[in-house]
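Dumped input_16.cif below, it's mmCIF, C-alpha atoms:
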```cif
data_upload
loop_
_atom_site.label_atom_id
_atom_site.label_comp_id
_atom_site.auth_asym_id
_atom_site.auth_seq_id
_atom_site.Cartn_x
_atom_site.Cartn_y
_atom_site.Cartn_z
CA MET A 1 -32.46 25.69 -14.97
CA LYS A 2 -30.31 28.55 -13.65
CA THR A 3 -32.31 28.59 -10.41
CA ILE A 4 -31.96 24.83 -10.01
CA LEU A 5 -28.21 25.07 -10.53
CA SER A 6 -27.97 27.94 -8.05
CA ARG A 7 -29.84 25.96 -5.40
CA THR A 8 -27.64 22.95 -6.06
CA ALA A 9 -24.52 25.04 -5.74
CA LEU A 10 -25.72 26.56 -2.50
CA SER A 11 -26.48 23.12 -1.14
CA ILE A 12 -22.98 21.98 -2.01
CA LEU A 13 -21.54 25.06 -0.30
CA LEU A 14 -23.54 24.50 2.84
CA ILE A 15 -22.68 20.80 2.98
CA ALA A 16 -19.05 21.58 2.42
CA THR A 17 -19.06 24.25 5.10
CA THR A 18 -20.59 21.84 7.60
CA ALA A 19 -18.26 19.03 6.66
CA PHE A 20 -15.07 21.03 6.76
CA GLY A 21 -16.15 22.53 10.06
CA SER A 22 -16.10 19.10 11.68
CA SER A 23 -13.04 17.54 13.25
CA ALA A 24 -12.82 14.99 10.42
CA PHE A 25 -12.18 17.77 7.90
CA ALA A 26 -10.22 20.28 9.97
CA LEU A 27 -8.86 23.17 7.90
CA ASP A 28 -5.83 25.25 8.67
CA ASP A 29 -6.15 29.03 8.76
CA LYS A 30 -5.11 29.49 5.14
CA GLN A 31 -7.59 26.90 3.88
CA LYS A 32 -10.38 28.49 5.92
CA GLU A 33 -9.56 31.87 4.43
CA GLU A 34 -9.52 30.49 0.88
CA PHE A 35 -12.76 28.59 1.40
CA GLY A 36 -14.46 31.64 2.91
CA ALA A 37 -13.33 33.77 -0.01
CA PHE A 38 -14.74 31.19 -2.44
CA ILE A 39 -18.13 31.21 -0.72
CA LYS A 40 -18.20 35.03 -0.65
CA GLU A 41 -17.23 35.25 -4.32
CA TYR A 42 -19.92 32.77 -5.32
CA LEU A 43 -22.67 34.50 -3.36
CA ILE A 44 -21.72 37.91 -4.76
CA ALA A 45 -21.84 36.48 -8.28
CA HIS A 46 -25.15 34.68 -7.58
CA PRO A 47 -27.13 36.77 -5.03
CA GLU A 48 -30.37 35.15 -6.20
CA VAL A 49 -29.30 32.09 -4.22
CA LEU A 50 -29.81 34.06 -1.01
CA LEU A 51 -33.33 35.02 -2.15
CA ASP A 52 -34.08 31.35 -2.82
CA ALA A 53 -32.86 30.45 0.66
CA GLN A 54 -34.90 33.25 2.25
CA ALA A 55 -38.04 32.17 0.37
CA ALA A 56 -37.53 28.58 1.47
CA LEU A 57 -37.08 29.68 5.09
CA GLU A 58 -40.24 31.81 5.02
CA LYS A 59 -42.22 28.95 3.49
CA LYS A 60 -40.98 26.60 6.20
CA GLN A 61 -41.82 29.10 8.95
CA GLU A 62 -45.30 29.71 7.53
CA ALA A 63 -45.96 25.97 7.42
CA ALA A 64 -44.88 25.69 11.06
CA ARG A 65 -47.18 28.57 12.08
CA ALA A 66 -50.09 27.02 10.19
CA ALA A 67 -49.51 23.69 11.93
CA GLN A 68 -49.44 25.38 15.35
CA THR A 69 -52.66 27.28 14.56
CA THR A 70 -54.41 24.14 13.36
CA ALA A 71 -53.45 22.37 16.57
CA ALA A 72 -54.77 25.33 18.59
CA VAL A 73 -58.11 25.19 16.75
CA VAL A 74 -58.42 21.48 17.46
CA ASP A 75 -57.55 21.95 21.13
CA ASN A 76 -60.04 24.80 21.60
CA ARG A 77 -62.84 23.69 19.28
CA GLU A 78 -65.63 23.85 21.87
CA GLU A 79 -64.78 27.39 22.96
CA ILE A 80 -64.37 28.53 19.36
CA PHE A 81 -67.55 27.11 17.89
CA HIS A 82 -69.91 26.65 20.85
CA SER A 83 -69.21 29.29 23.50
CA LYS A 84 -72.30 30.19 25.52
CA ASP A 85 -71.33 33.85 25.19
CA ASP A 86 -71.56 33.93 21.39
CA ILE A 87 -74.60 34.29 19.18
CA ALA A 88 -74.85 32.22 15.99
CA LEU A 89 -76.80 33.41 12.97
CA GLY A 90 -78.16 31.22 10.20
CA ASN A 91 -78.99 27.57 10.74
CA PRO A 92 -78.43 26.53 14.40
CA GLN A 93 -77.91 22.96 13.18
CA GLY A 94 -75.81 23.90 10.17
CA ASP A 95 -73.27 21.37 8.97
CA VAL A 96 -70.45 23.96 8.70
CA SER A 97 -69.75 26.82 11.10
CA VAL A 98 -67.96 30.05 10.24
CA VAL A 99 -66.63 32.00 13.24
CA GLU A 100 -65.81 35.69 12.86
CA PHE A 101 -63.77 37.75 15.32
CA PHE A 102 -64.80 41.38 14.80
CA ASP A 103 -64.56 44.89 16.24
CA TYR A 104 -67.46 47.31 15.85
CA ASN A 105 -65.03 50.05 14.75
CA CYS A 106 -63.15 47.91 12.25
CA GLY A 107 -63.61 49.36 8.77
CA TYR A 108 -62.75 46.05 7.14
CA CYS A 109 -65.35 44.31 9.30
CA ARG A 110 -67.95 46.79 8.07
CA HIS A 111 -66.99 46.13 4.47
CA ALA A 112 -67.16 42.38 5.18
CA LEU A 113 -70.69 42.56 6.62
CA PRO A 114 -72.27 42.06 3.15
CA ASP A 115 -70.11 38.94 2.76
CA MET A 116 -71.78 37.37 5.78
CA GLU A 117 -75.21 38.43 4.55
CA ALA A 118 -74.56 36.94 1.12
CA MET A 119 -73.44 33.64 2.62
CA LEU A 120 -76.45 33.42 4.93
CA LYS A 121 -78.79 34.19 2.04
CA LYS A 122 -77.21 31.70 -0.34
CA ASP A 123 -76.43 28.86 2.08
CA LYS A 124 -79.30 27.72 4.30
CA ASN A 125 -77.14 25.10 6.00
CA ILE A 126 -74.45 27.37 7.39
CA ARG A 127 -73.98 28.57 10.96
CA PHE A 128 -72.26 31.96 11.42
CA VAL A 129 -70.82 32.56 14.89
CA LEU A 130 -70.11 36.14 16.01
CA LYS A 131 -67.20 36.78 18.42
CA GLU A 132 -66.86 40.32 19.65
CA PHE A 133 -63.17 41.18 19.80
CA PRO A 134 -62.78 44.88 20.72
CA ILE A 135 -59.15 45.79 20.04
CA LEU A 136 -59.41 49.24 18.46
CA GLY A 137 -59.43 51.44 21.54
CA PRO A 138 -61.68 52.58 24.39
CA ASP A 139 -64.71 53.28 22.19
CA SER A 140 -64.68 49.74 20.85
CA LEU A 141 -64.41 48.32 24.36
CA ALA A 142 -67.25 50.55 25.62
CA ALA A 143 -69.50 49.61 22.68
CA HIS A 144 -68.74 45.95 23.29
CA ARG A 145 -69.79 46.18 26.94
CA VAL A 146 -73.14 47.66 25.92
CA SER A 147 -73.55 45.05 23.20
CA ASP A 148 -72.72 42.24 25.59
CA ALA A 149 -75.36 43.51 28.00
CA PHE A 150 -77.85 43.66 25.13
CA ARG A 151 -77.01 40.06 24.22
CA GLN A 152 -77.82 38.95 27.75
CA LEU A 153 -81.08 40.91 27.85
CA ALA A 154 -82.42 40.22 24.36
CA PRO A 155 -80.44 37.44 22.66
CA GLU A 156 -83.18 36.89 20.06
CA LYS A 157 -82.66 40.48 18.83
CA TYR A 158 -78.86 40.44 18.91
CA GLY A 159 -78.44 39.67 15.20
CA ALA A 160 -80.39 42.75 14.16
CA TYR A 161 -78.70 44.87 16.83
CA PHE A 162 -75.25 43.74 15.72
CA ARG A 163 -76.12 44.66 12.13
CA SER A 164 -77.33 48.11 13.17
CA ILE A 165 -74.04 48.96 14.89
CA LEU A 166 -71.61 47.38 12.44
CA GLY A 167 -73.59 48.60 9.44
CA SER A 168 -73.44 52.22 10.61
CA ASN A 169 -71.08 54.74 9.07
CA SER A 170 -70.55 56.35 12.47
CA ARG A 171 -67.98 55.39 15.08
CA ALA A 172 -69.33 52.95 17.64
CA THR A 173 -69.23 54.32 21.20
CA GLU A 174 -70.97 53.54 24.45
CA GLN A 175 -73.65 56.13 23.75
CA SER A 176 -74.24 55.11 20.13
CA ALA A 177 -74.58 51.47 21.22
CA ILE A 178 -77.08 52.51 23.90
CA ASP A 179 -79.02 54.61 21.37
CA ASP A 180 -79.18 51.69 18.92
CA ALA A 181 -80.45 49.40 21.69
CA ALA A 182 -83.41 51.70 22.33
CA ALA A 183 -84.67 51.00 18.80
CA PHE A 184 -85.00 47.35 19.81
CA GLY A 185 -86.85 48.04 23.04
CA VAL A 186 -83.89 47.67 25.43
CA THR A 187 -83.58 50.65 27.76
CA GLU A 188 -80.43 52.39 28.92
CA ALA A 189 -81.38 51.64 32.53
CA ALA A 190 -81.58 47.92 31.84
CA LEU A 191 -78.29 47.96 29.97
CA ARG A 192 -76.43 49.82 32.69
CA LYS A 193 -77.81 47.53 35.38
CA THR A 194 -76.56 44.47 33.45
CA MET A 195 -73.21 46.12 32.72
CA LYS A 196 -72.76 46.96 36.42
CA ALA A 197 -73.34 43.32 37.33
CA ASN A 198 -70.64 42.18 34.86
CA THR A 199 -67.72 44.52 35.47
CA ASP A 200 -65.10 41.77 35.45
CA ASP A 201 -65.38 41.18 31.65
CA THR A 202 -64.86 37.45 32.15
CA ASN A 203 -66.07 36.41 28.73
CA LEU A 204 -64.03 39.13 27.02
CA LYS A 205 -60.87 38.02 28.81
CA GLN A 206 -61.57 34.50 27.58
CA THR A 207 -61.91 35.79 24.02
CA TYR A 208 -58.61 37.67 24.27
CA ALA A 209 -56.90 34.54 25.61
CA LEU A 210 -58.41 32.44 22.84
CA ALA A 211 -57.28 34.92 20.17
CA GLN A 212 -53.75 34.76 21.56
CA LYS A 213 -53.75 30.96 21.31
CA LEU A 214 -54.92 31.22 17.71
CA ALA A 215 -52.42 34.00 16.84
CA ILE A 216 -55.28 36.35 15.95
CA ASN A 217 -54.24 39.98 16.34
CA GLY A 218 -56.51 41.76 13.87
CA THR A 219 -60.05 41.90 12.57
CA PRO A 220 -61.86 40.48 10.82
CA ALA A 221 -60.52 36.99 11.40
CA TYR A 222 -62.43 33.86 10.50
CA ILE A 223 -62.23 30.23 11.53
CA ILE A 224 -63.55 27.59 9.17
CA GLY A 225 -62.78 23.96 9.77
CA ASP A 226 -59.29 23.89 11.25
CA GLU A 227 -58.06 27.06 9.53
CA VAL A 228 -57.70 30.60 10.84
CA ILE A 229 -58.19 33.14 8.05
CA SER A 230 -56.98 36.71 8.50
CA GLY A 231 -58.63 39.63 6.75
CA ALA A 232 -61.72 40.32 4.70
CA ILE A 233 -61.12 37.84 1.89
CA GLY A 234 -64.60 38.14 0.40
CA ALA A 235 -67.74 36.02 0.26
CA GLU A 236 -66.62 33.94 -2.71
CA ALA A 237 -63.39 32.83 -1.05
CA LEU A 238 -65.17 32.06 2.22
CA GLN A 239 -67.87 30.10 0.42
CA GLN A 240 -65.24 28.05 -1.38
CA LYS A 241 -63.63 27.11 1.91
CA VAL A 242 -67.02 26.08 3.30
CA ALA A 243 -67.62 23.98 0.18
CA ASN A 244 -64.22 22.34 0.61
CA VAL A 245 -64.96 21.45 4.25
CA ARG A 246 -68.13 19.73 3.08
CA ALA A 247 -66.29 17.94 0.28
CA CYS A 248 -63.11 16.77 2.03
CA GLY A 249 -63.25 17.94 5.65
CA LYS A 250 -60.63 20.64 5.09
CA THR A 251 -60.66 24.19 3.75
CA THR A 252 -58.24 23.13 1.01
CA CYS A 253 -58.85 19.87 -0.83
CA SER A 254 -55.99 18.07 -2.56
#
```
Can the structure in the file be given as structure tokens, please?
Amino acid sequence: MKTILSRTALSILLIATTAFGSSAFALDDKQKEEFGAFIKEYLIAHPEVLLDAQAALEKKQEAARAAQTTAAVVDNREEIFHSKDDIALGNPQGDVSVVEFFDYNCGYCRHALPDMEAMLKKDKNIRFVLKEFPILGPDSLAAHRVSDAFRQLAPEKYGAYFRSILGSNSRATEQSAIDDAAAFGVTEAALRKTMKANTDDTNLKQTYALAQKLAINGTPAYIIGDEVISGAIGAEALQQKVANVRACGKTTCS
């Protein structure tokens, strides 16, 4: 009840301030001083009102950001879910797609790898799209370039190759990515030839641009339905969002 009264009082103060600031309720200097003193006195006595206002503002701003992100997902759906430069694991015809932006040197991405595996094992009708998003320095970028060359040379082996790099406890570098590729029958010579032919990083630039549109600036980040999800939230939470998309078409059902 105290909070409700505080919010009501603040509303009255704000309305009064607006009203008396208009020409219809012009105040002389003395009245302005008295009114200002009253507002200051009230806010000092009830500082929780300012916290309520700040919380309301943050909630409003978060809702606006979520709406902008949802619109960006809708506008870029084809590039997000069906880019020719991405590999999808699981069921190619799955009814729900989960897209993950990841960096090979992201510790949280490594910890989240079992989440993906659990979902693929449990749900035979899910499609898991992998988007390489190297943002953690030169080693990540170098490892990505090798991985991208591997994807072009042996796309059918990419899933296992991706797991070998991300599942390692060692830092991913150009050389480590090349060494891992050898275990799958892809030679360093073949990789370097493909890398040399793709020095412009066109697909990577497109991924960076897409991430900017979606306000993604960290890894892992997931897209399910029309929602962008930041951080490794765990298999259970991701599975619930997938279930909600199937049930109501959104990640959160009313």
Could you tell me which residues the PyMOL selection byres ((chain A and resi 138-142) around 10) returns for this structure, as an mmCIF file with C-alpha atoms, keeping the file's coordinate frame?
```cif
data_model
loop_
_atom_site.group_PDB
_atom_site.id
_atom_site.type_symbol
_atom_site.label_atom_id
_atom_site.label_comp_id
_atom_site.auth_asym_id
_atom_site.auth_seq_id
_atom_site.Cartn_x
_atom_site.Cartn_y
_atom_site.Cartn_z
ATOM 1 C CA ASP A 103 -64.560 44.890 16.240
ATOM 2 C CA TYR A 104 -67.460 47.310 15.850
ATOM 3 C CA ASN A 105 -65.030 50.050 14.750
ATOM 4 C CA CYS A 106 -63.150 47.910 12.250
ATOM 5 C CA GLU A 132 -66.860 40.320 19.650
ATOM 6 C CA PHE A 133 -63.170 41.180 19.800
ATOM 7 C CA PRO A 134 -62.780 44.880 20.720
ATOM 8 C CA ILE A 135 -59.150 45.790 20.040
ATOM 9 C CA LEU A 136 -59.410 49.240 18.460
ATOM 10 C CA GLY A 137 -59.430 51.440 21.540
ATOM 11 C CA ALA A 143 -69.500 49.610 22.680
ATOM 12 C CA HIS A 144 -68.740 45.950 23.290
ATOM 13 C CA ARG A 145 -69.790 46.180 26.940
ATOM 14 C CA VAL A 146 -73.140 47.660 25.920
ATOM 15 C CA SER A 147 -73.550 45.050 23.200
ATOM 16 C CA ASP A 148 -72.720 42.240 25.590
ATOM 17 C CA ARG A 171 -67.980 55.390 15.080
ATOM 18 C CA ALA A 172 -69.330 52.950 17.640
ATOM 19 C CA THR A 173 -69.230 54.320 21.200
ATOM 20 C CA GLU A 174 -70.970 53.540 24.450
ATOM 21 C CA GLN A 175 -73.650 56.130 23.750
ATOM 22 C CA SER A 176 -74.240 55.110 20.130
ATOM 23 C CA ALA A 177 -74.580 51.470 21.220
ATOM 24 C CA LEU A 204 -64.030 39.130 27.020
#
```
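For the residues A:Cys248, A:Leu166, A:Ala56, A:Ala215, ranking by smallest atom-to-atom distance to Ala112 of chain A using all atoms listed in the file places A:Leu166 first.
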Using 3 Å of padding on each side, determine the axis-aligned box around all atoms of segment 128-131 of chain A present in the file and give its centre and edge lengths in Å to one decimal, as AutoDock Vina command-line options.
```
--center_x -69.7 --center_y 34.4 --center_z 14.9 --size_x 11.1 --size_y 10.8 --size_z 13.0
```
Response to the item:
Using only C-alpha atoms, the best pick from A:Asp179, A:Pro114, A:Tyr108, A:Gln239 as closest to Ala221 of chain A would be A:Tyr108
Pick out the residues sitting within 7 Å of Leu191 of chain A, and hand them over as a PDB file with C-alpha atoms, in the frame of the given file; count all atoms listed in the file, and ignore anything fewer than 4 positions along from it in its own chain.
```
ATOM      1  CA  VAL A 146     -73.140  47.660  25.920  1.00  0.00           C
ATOM      2  CA  ALA A 149     -75.360  43.510  28.000  1.00  0.00           C
ATOM      3  CA  PHE A 150     -77.850  43.660  25.130  1.00  0.00           C
ATOM      4  CA  THR A 187     -83.580  50.650  27.760  1.00  0.00           C
ATOM      5  CA  MET A 195     -73.210  46.120  32.720  1.00  0.00           C
TER       6      MET A 195
END
```
Practice prompt. Can you give me, as number ranges by chain, the residues this file yields under the PyMOL selection byres ((chain A and resi 152-154) around 12)?
Written response: A: 84-87, 145-151, 155-162, 181-182, 184-195, 197-198
Item to complete: Can you turn the PyMOL selection byres ((chain A and resi 223) around 9) into a concrete residue list for this file, as an MDAnalysis selection string?
Response: chainID A and resid 73 80:81 97:101 221:222 224:230
Worksheet item: So how many Å separate atom CA of Asn217 of chain A and atom CA of Lys241 of chain A, to one decimal?
Response: 21.5 Å
Discussion item. Can you measure atom CA of Val242 of chain A to atom CA of Arg127 of chain A for me? One decimal in Å is fine.
Written reply: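 Rounded to one decimal, the two atoms are 10.6 Å apart.
Between Ala71 of chain A and the residues A:Gln240, A:Lys213, A:Ala232, A:Lys121, the shortest atom-to-atom distance, using only C-alpha atoms, involves A:Lys213.
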Discussion item. At a cut-off of 9 Å, using all atoms listed in the file, what residues contact Leu89 of chain A? Leave out same-chain residues fewer than 2 positions from it and give the result as an MDAnalysis selection string.
Written reply: chainID A and resid 87 91:92 120 126:130 159
Put those residues in a file: C-alpha atoms, as a PDB file, in the frame of the given file.
```
ATOM      1  CA  ILE A  87     -74.600  34.290  19.180  1.00  0.00           C
ATOM      2  CA  ASN A  91     -78.990  27.570  10.740  1.00  0.00           C
ATOM      3  CA  PRO A  92     -78.430  26.530  14.400  1.00  0.00           C
ATOM      4  CA  LEU A 120     -76.450  33.420   4.930  1.00  0.00           C
ATOM      5  CA  ILE A 126     -74.450  27.370   7.390  1.00  0.00           C
ATOM      6  CA  ARG A 127     -73.980  28.570  10.960  1.00  0.00           C
ATOM      7  CA  PHE A 128     -72.260  31.960  11.420  1.00  0.00           C
ATOM      8  CA  VAL A 129     -70.820  32.560  14.890  1.00  0.00           C
ATOM      9  CA  LEU A 130     -70.110  36.140  16.010  1.00  0.00           C
ATOM     10  CA  GLY A 159     -78.440  39.670  15.200  1.00  0.00           C
TER      11      GLY A 159
END
```
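Each of A:Asp200, A:Phe102, A:Ala243, A:Ser168 was checked against Gly218 of chain A using all atoms listed in the file; the smallest atom-to-atom distance is that of A:Phe102.
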Discussion item. Taking all atoms listed in the file into account, name the residue in A:Asp29, A:Ile44, A:Arg163, A:Gln68 that is nearest to Met116 of chain A.
Written reply: A:Arg163
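Rounded to one decimal, atom CA of Gln212 of chain A and atom CA of Gly249 of chain A lie 25.0 Å from each other.
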Put segment 92-103 of chain A into a file with all heavy atoms, as a CSV table (one decimal), in the first residue's frame.
```csv
chain,number,residue,atom,x,y,z
A,92,PRO,N,17.3,-31.7,-40.7
A,92,PRO,CA,17.3,-30.7,-41.7
A,92,PRO,C,15.9,-30.1,-41.9
A,92,PRO,O,15.7,-28.9,-42.3
A,92,PRO,CB,17.8,-31.3,-43.0
A,92,PRO,CG,18.5,-32.5,-42.5
A,92,PRO,CD,17.8,-33.0,-41.3
A,93,GLN,N,14.9,-30.9,-41.7
A,93,GLN,CA,13.5,-30.5,-41.9
A,93,GLN,C,12.8,-30.2,-40.6
A,93,GLN,O,11.5,-30.3,-40.5
A,93,GLN,CB,12.7,-31.6,-42.7
A,93,GLN,CG,13.4,-32.0,-44.0
A,93,GLN,CD,13.5,-30.8,-44.9
A,93,GLN,OE1,12.7,-29.9,-45.0
A,93,GLN,NE2,14.7,-30.8,-45.7
A,94,GLY,N,13.5,-30.0,-39.5
A,94,GLY,CA,12.9,-29.8,-38.2
A,94,GLY,C,11.9,-28.7,-38.2
A,94,GLY,O,12.0,-27.7,-38.9
A,95,ASP,N,10.9,-28.8,-37.3
A,95,ASP,CA,9.9,-27.8,-37.2
A,95,ASP,C,10.3,-26.6,-36.5
A,95,ASP,O,9.6,-25.5,-36.6
A,95,ASP,CB,8.6,-28.4,-36.6
A,95,ASP,CG,8.8,-28.9,-35.2
A,95,ASP,OD1,9.9,-29.1,-34.8
A,95,ASP,OD2,7.8,-29.0,-34.5
A,96,VAL,N,11.3,-26.6,-35.6
A,96,VAL,CA,11.8,-25.5,-34.9
A,96,VAL,C,13.3,-25.4,-35.1
A,96,VAL,O,14.0,-26.4,-34.9
A,96,VAL,CB,11.5,-25.5,-33.4
A,96,VAL,CG1,12.1,-24.3,-32.7
A,96,VAL,CG2,10.0,-25.5,-33.2
A,97,SER,N,13.8,-24.2,-35.4
A,97,SER,CA,15.3,-24.0,-35.5
A,97,SER,C,15.8,-23.2,-34.3
A,97,SER,O,15.2,-22.2,-33.9
A,97,SER,CB,15.6,-23.3,-36.8
A,97,SER,OG,15.3,-24.0,-38.0
A,98,VAL,N,17.0,-23.6,-33.9
A,98,VAL,CA,17.7,-22.9,-32.9
A,98,VAL,C,19.0,-22.4,-33.5
A,98,VAL,O,19.7,-23.2,-34.1
A,98,VAL,CB,18.0,-23.7,-31.6
A,98,VAL,CG1,18.9,-22.9,-30.6
A,98,VAL,CG2,16.8,-24.2,-31.0
A,99,VAL,N,19.2,-21.1,-33.5
A,99,VAL,CA,20.5,-20.5,-34.1
A,99,VAL,C,21.4,-20.1,-33.0
A,99,VAL,O,21.0,-19.4,-32.0
A,99,VAL,CB,20.2,-19.3,-35.0
A,99,VAL,CG1,21.4,-18.7,-35.6
A,99,VAL,CG2,19.2,-19.7,-36.1
A,100,GLU,N,22.7,-20.5,-33.0
A,100,GLU,CA,23.6,-20.1,-32.0
A,100,GLU,C,24.8,-19.3,-32.6
A,100,GLU,O,25.4,-19.8,-33.6
A,100,GLU,CB,24.2,-21.3,-31.3
A,100,GLU,CG,25.2,-20.9,-30.2
A,100,GLU,CD,25.8,-22.1,-29.4
A,100,GLU,OE1,25.4,-23.2,-29.7
A,100,GLU,OE2,26.7,-21.8,-28.6
A,101,PHE,N,25.0,-18.1,-32.2
A,101,PHE,CA,26.2,-17.4,-32.5
A,101,PHE,C,27.3,-17.8,-31.5
A,101,PHE,O,27.0,-17.7,-30.3
A,101,PHE,CB,25.9,-15.9,-32.4
A,101,PHE,CG,25.1,-15.3,-33.5
A,101,PHE,CD1,23.8,-15.5,-33.6
A,101,PHE,CD2,25.7,-14.4,-34.4
A,101,PHE,CE1,23.0,-15.0,-34.6
A,101,PHE,CE2,25.0,-13.8,-35.4
A,101,PHE,CZ,23.6,-14.1,-35.5
A,102,PHE,N,28.4,-18.2,-31.9
A,102,PHE,CA,29.5,-18.7,-31.0
A,102,PHE,C,30.9,-18.3,-31.5
A,102,PHE,O,31.1,-18.0,-32.6
A,102,PHE,CB,29.4,-20.2,-30.9
A,102,PHE,CG,29.9,-21.0,-32.1
A,102,PHE,CD1,31.2,-21.4,-32.2
A,102,PHE,CD2,29.0,-21.2,-33.2
A,102,PHE,CE1,31.6,-22.0,-33.4
A,102,PHE,CE2,29.4,-21.9,-34.3
A,102,PHE,CZ,30.8,-22.3,-34.4
A,103,ASP,N,31.8,-18.3,-30.5
A,103,ASP,CA,33.2,-18.1,-30.7
A,103,ASP,C,33.9,-19.3,-30.2
A,103,ASP,O,33.7,-19.8,-29.1
A,103,ASP,CB,33.6,-16.8,-30.0
A,103,ASP,CG,35.1,-16.4,-30.3
A,103,ASP,OD1,36.0,-17.3,-30.0
A,103,ASP,OD2,35.3,-15.3,-30.7
```
